[in-house]
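The next block holds one structure in the form of structure tokens; read it before the comments.
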Amino acid sequence: MATKFSITAPATASLHSNRGSDRLPALSLAVNNSASAAAVSRRKLAPIKLSINPSKTTGFFNSLPSPSPRPPLSLAAMWRDIQGAGDWEHLIHPVHPLLLREIVRYAELVNACYKAFDLDPSSKRYLNCKHGKSTLLREVGMAEAGYEITKYIYATPGIMIPTQQGTGSSRWIGYVAVSTNEATARLGRRDILVTFRGTVTNAEWIANLMSSLTPARLDPHDPRPDVKVESGFLSLYTSDDSAARFGSGSCREQLLAEISRLVINKYKDEEEIGITLAGHSMGSSLALLLGYDIAELGLNRGGEVPVTVYSYGGPRVGNAGFKARCEELGVKVLRVANVNDPVTKMPGVVFNEKFGAIAGKLLELPSIGCTCYAHVGVELALDFFKIRNPACVHDLDAYIGWLKCGSMKKVKKEGVDFFMSKIKEFLTAQRFDSWMPWECRESCRGGEMVQSPRP
């Protein structure tokens, strides 16, 4: 069916001759003939509608060029928005195709860590990468990824568990890579990428379960005691094993040295540059700690270089103070989380940002938020589960497969809201002074809660 346009024109047009009517055969003028032509000319005439069928017009109307569809924006044109400059507003629901493509791409670059990690106890590279830096991406089927790996990263859990005779506790956990010139033109900026795998070894699992909050104190000039993070993640990030075969300092020291070399020195003359940190599970925690660390120390040229974290199935990392500081520093975090994934609910299954908000309001203890975990950033919620394979809810391959299927939808989480409503009811009915340790009560009133063991 042809498109019809409605054009409003003054009725005086009907008094004109029909010149040009051969050129506009579909043009019809409707005039109220109840009054004489003289009367019509003496009074103000109301507008009338001209109905035009462009499929039958000739001459002038046919000479107009047909409107062409606006070409889709390229990644190079909107890379800052895709990297979170506007906190992904209007890009999540529904998910913008360019953003979805980037989410999948970074997830696959993280997955390369799992594919290359050597878990064979008989191998000389046990707990390290199977391949060299120049061949890793090719060996895992990502030769066309458009990145060159510049450094391997090793981490040391603060828990000492014997692994293999002659092998230190440090293990390979990810890599630093830089986009090639060709990929840089496509991405719109030089991309400094750091990827982290998730938990694999026993020592890493134990580190994950060390769920007490401790001050991060990553900036020696401003310790910020109110900024607290999970002690196990911090230990993995800052512990050093000088006896390790491949390690050279702590995970933090390796990363900050390489980021400084690339951003401040090697690519100092490039204006279009960004830092992307991506990780799965425990790796997303390290990515967020690194993002905070870079911004806190000003290694992103004092905030000029955007820092973006892509978190896949990641747990909470710090408290409300940590979240607030990350936001203040401009660290952008996109959390891709399966609502059925238990890891995304920890630590702080109960004592989290929602509990802190409710308890702080009901008990008039604003500082209680300092002792509760809080997620950072914007969440993209997924919803998948397999009866025959329950473990898939946290598997990175399952995340990637679900993202690629394209059936994105807004996930409702009434269950979480219902659970929190019950917590609110419980808090309203309690007198906390009757069971809180006196040390905790007094310190809460003083501004900071100090957790103390119960007798």
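Identifiers for the structure tokens are assigned positionally: chains receive A, B, ... in sequence, residues are indexed from 1 per chain, and ligands are indexed from 1 in the order shown.
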Near-Ser281 of chain A list (7 Å; only C-alpha atoms; drop same-chain fewer than 6 positions) as a compact mmCIF listing (two decimals) with all heavy atoms, in the first residue's frame:
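Writing the result to result-v4.txt gives the following:
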# COMPACT_ATOMS: atom_id res chain seq x y z
N GLY A 198 38.93 -17.09 35.93
CA GLY A 198 38.31 -17.24 37.24
C GLY A 198 39.00 -18.28 38.10
O GLY A 198 40.11 -18.74 37.81
N THR A 199 38.32 -18.66 39.15
CA THR A 199 38.87 -19.60 40.13
C THR A 199 39.02 -20.99 39.54
O THR A 199 38.09 -21.53 38.94
CB THR A 199 37.97 -19.67 41.35
OG1 THR A 199 37.75 -18.34 41.83
CG2 THR A 199 38.59 -20.49 42.45
N TYR A 312 31.97 -10.77 34.23
CA TYR A 312 31.11 -11.90 33.86
C TYR A 312 30.97 -12.83 35.07
O TYR A 312 31.96 -13.41 35.52
CB TYR A 312 31.70 -12.66 32.67
CG TYR A 312 31.92 -11.78 31.45
CD1 TYR A 312 33.15 -11.13 31.26
CD2 TYR A 312 30.92 -11.60 30.51
CE1 TYR A 312 33.36 -10.32 30.16
CE2 TYR A 312 31.12 -10.79 29.40
CZ TYR A 312 32.33 -10.15 29.23
OH TYR A 312 32.55 -9.34 28.14
N GLY A 313 29.75 -12.93 35.60
CA GLY A 313 29.54 -13.80 36.75
C GLY A 313 30.39 -13.40 37.93
O GLY A 313 30.87 -14.27 38.67
N GLY A 314 30.54 -12.11 38.16
CA GLY A 314 31.44 -11.65 39.21
C GLY A 314 30.76 -11.46 40.55
O GLY A 314 29.58 -11.09 40.63
N PRO A 315 31.47 -11.70 41.65
CA PRO A 315 30.94 -11.48 43.00
C PRO A 315 31.07 -10.01 43.40
O PRO A 315 31.65 -9.20 42.66
CB PRO A 315 31.84 -12.36 43.86
CG PRO A 315 33.15 -12.34 43.14
CD PRO A 315 32.83 -12.26 41.68
Measuring atom to atom with only C-alpha atoms, identify which of A:Thr276, A:Asn181, A:Thr344, A:Asn128 is nearest to Glu102 of chain A.
A:Thr276
Backbone-only DSSP, alpha helix (DSSP H) members of segment 206-358 of chain A, as a PyMOL selection string:
chain A and resi 206-208+231-238+251-259+282-297+320-329+353-358
I'd like the neighbourhood of Arg171 of chain A as a short mmCIF file (atom, residue, chain, number, x, y, z; two decimals) with all heavy atoms, in the first residue's frame, where a residue qualifies if any of its atoms comes within 6 Å (using only C-alpha atoms), though same-chain residues fewer than 2 positions away should be ignored.
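And here is the file that came out, around-v4.cif:
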data_model
loop_
_atom_site.label_atom_id
_atom_site.label_comp_id
_atom_site.auth_asym_id
_atom_site.auth_seq_id
_atom_site.Cartn_x
_atom_site.Cartn_y
_atom_site.Cartn_z
N LEU A 127 50.03 -25.16 36.02
CA LEU A 127 49.52 -23.92 36.60
C LEU A 127 50.04 -22.67 35.90
O LEU A 127 49.99 -21.57 36.44
CB LEU A 127 49.82 -23.84 38.10
CG LEU A 127 49.22 -24.93 38.97
CD1 LEU A 127 49.54 -24.68 40.43
CD2 LEU A 127 47.71 -25.01 38.76
N ASN A 128 50.53 -22.86 34.68
CA ASN A 128 50.98 -21.73 33.87
C ASN A 128 50.33 -21.84 32.49
O ASN A 128 49.54 -22.73 32.23
CB ASN A 128 52.50 -21.72 33.76
CG ASN A 128 53.16 -21.35 35.08
OD1 ASN A 128 53.09 -20.23 35.54
ND2 ASN A 128 53.79 -22.34 35.71
N TYR A 154 50.81 -13.14 36.70
CA TYR A 154 50.82 -14.23 37.67
C TYR A 154 50.34 -13.71 39.01
O TYR A 154 50.60 -12.56 39.39
CB TYR A 154 52.22 -14.83 37.79
CG TYR A 154 52.74 -15.37 36.49
CD1 TYR A 154 53.35 -14.53 35.56
CD2 TYR A 154 52.59 -16.71 36.17
CE1 TYR A 154 53.80 -15.02 34.34
CE2 TYR A 154 53.04 -17.22 34.95
CZ TYR A 154 53.64 -16.35 34.04
OH TYR A 154 54.07 -16.84 32.83
N ALA A 155 49.61 -14.54 39.74
CA ALA A 155 49.08 -14.15 41.04
C ALA A 155 49.41 -15.20 42.07
O ALA A 155 49.55 -16.39 41.75
CB ALA A 155 47.56 -13.94 40.96
#
Residue nearest Glu327 of chain A - candidates A:Gly249, A:Pro306, A:Pro342, A:Gly377, atoms counted: only C-alpha atoms
A:Gly377
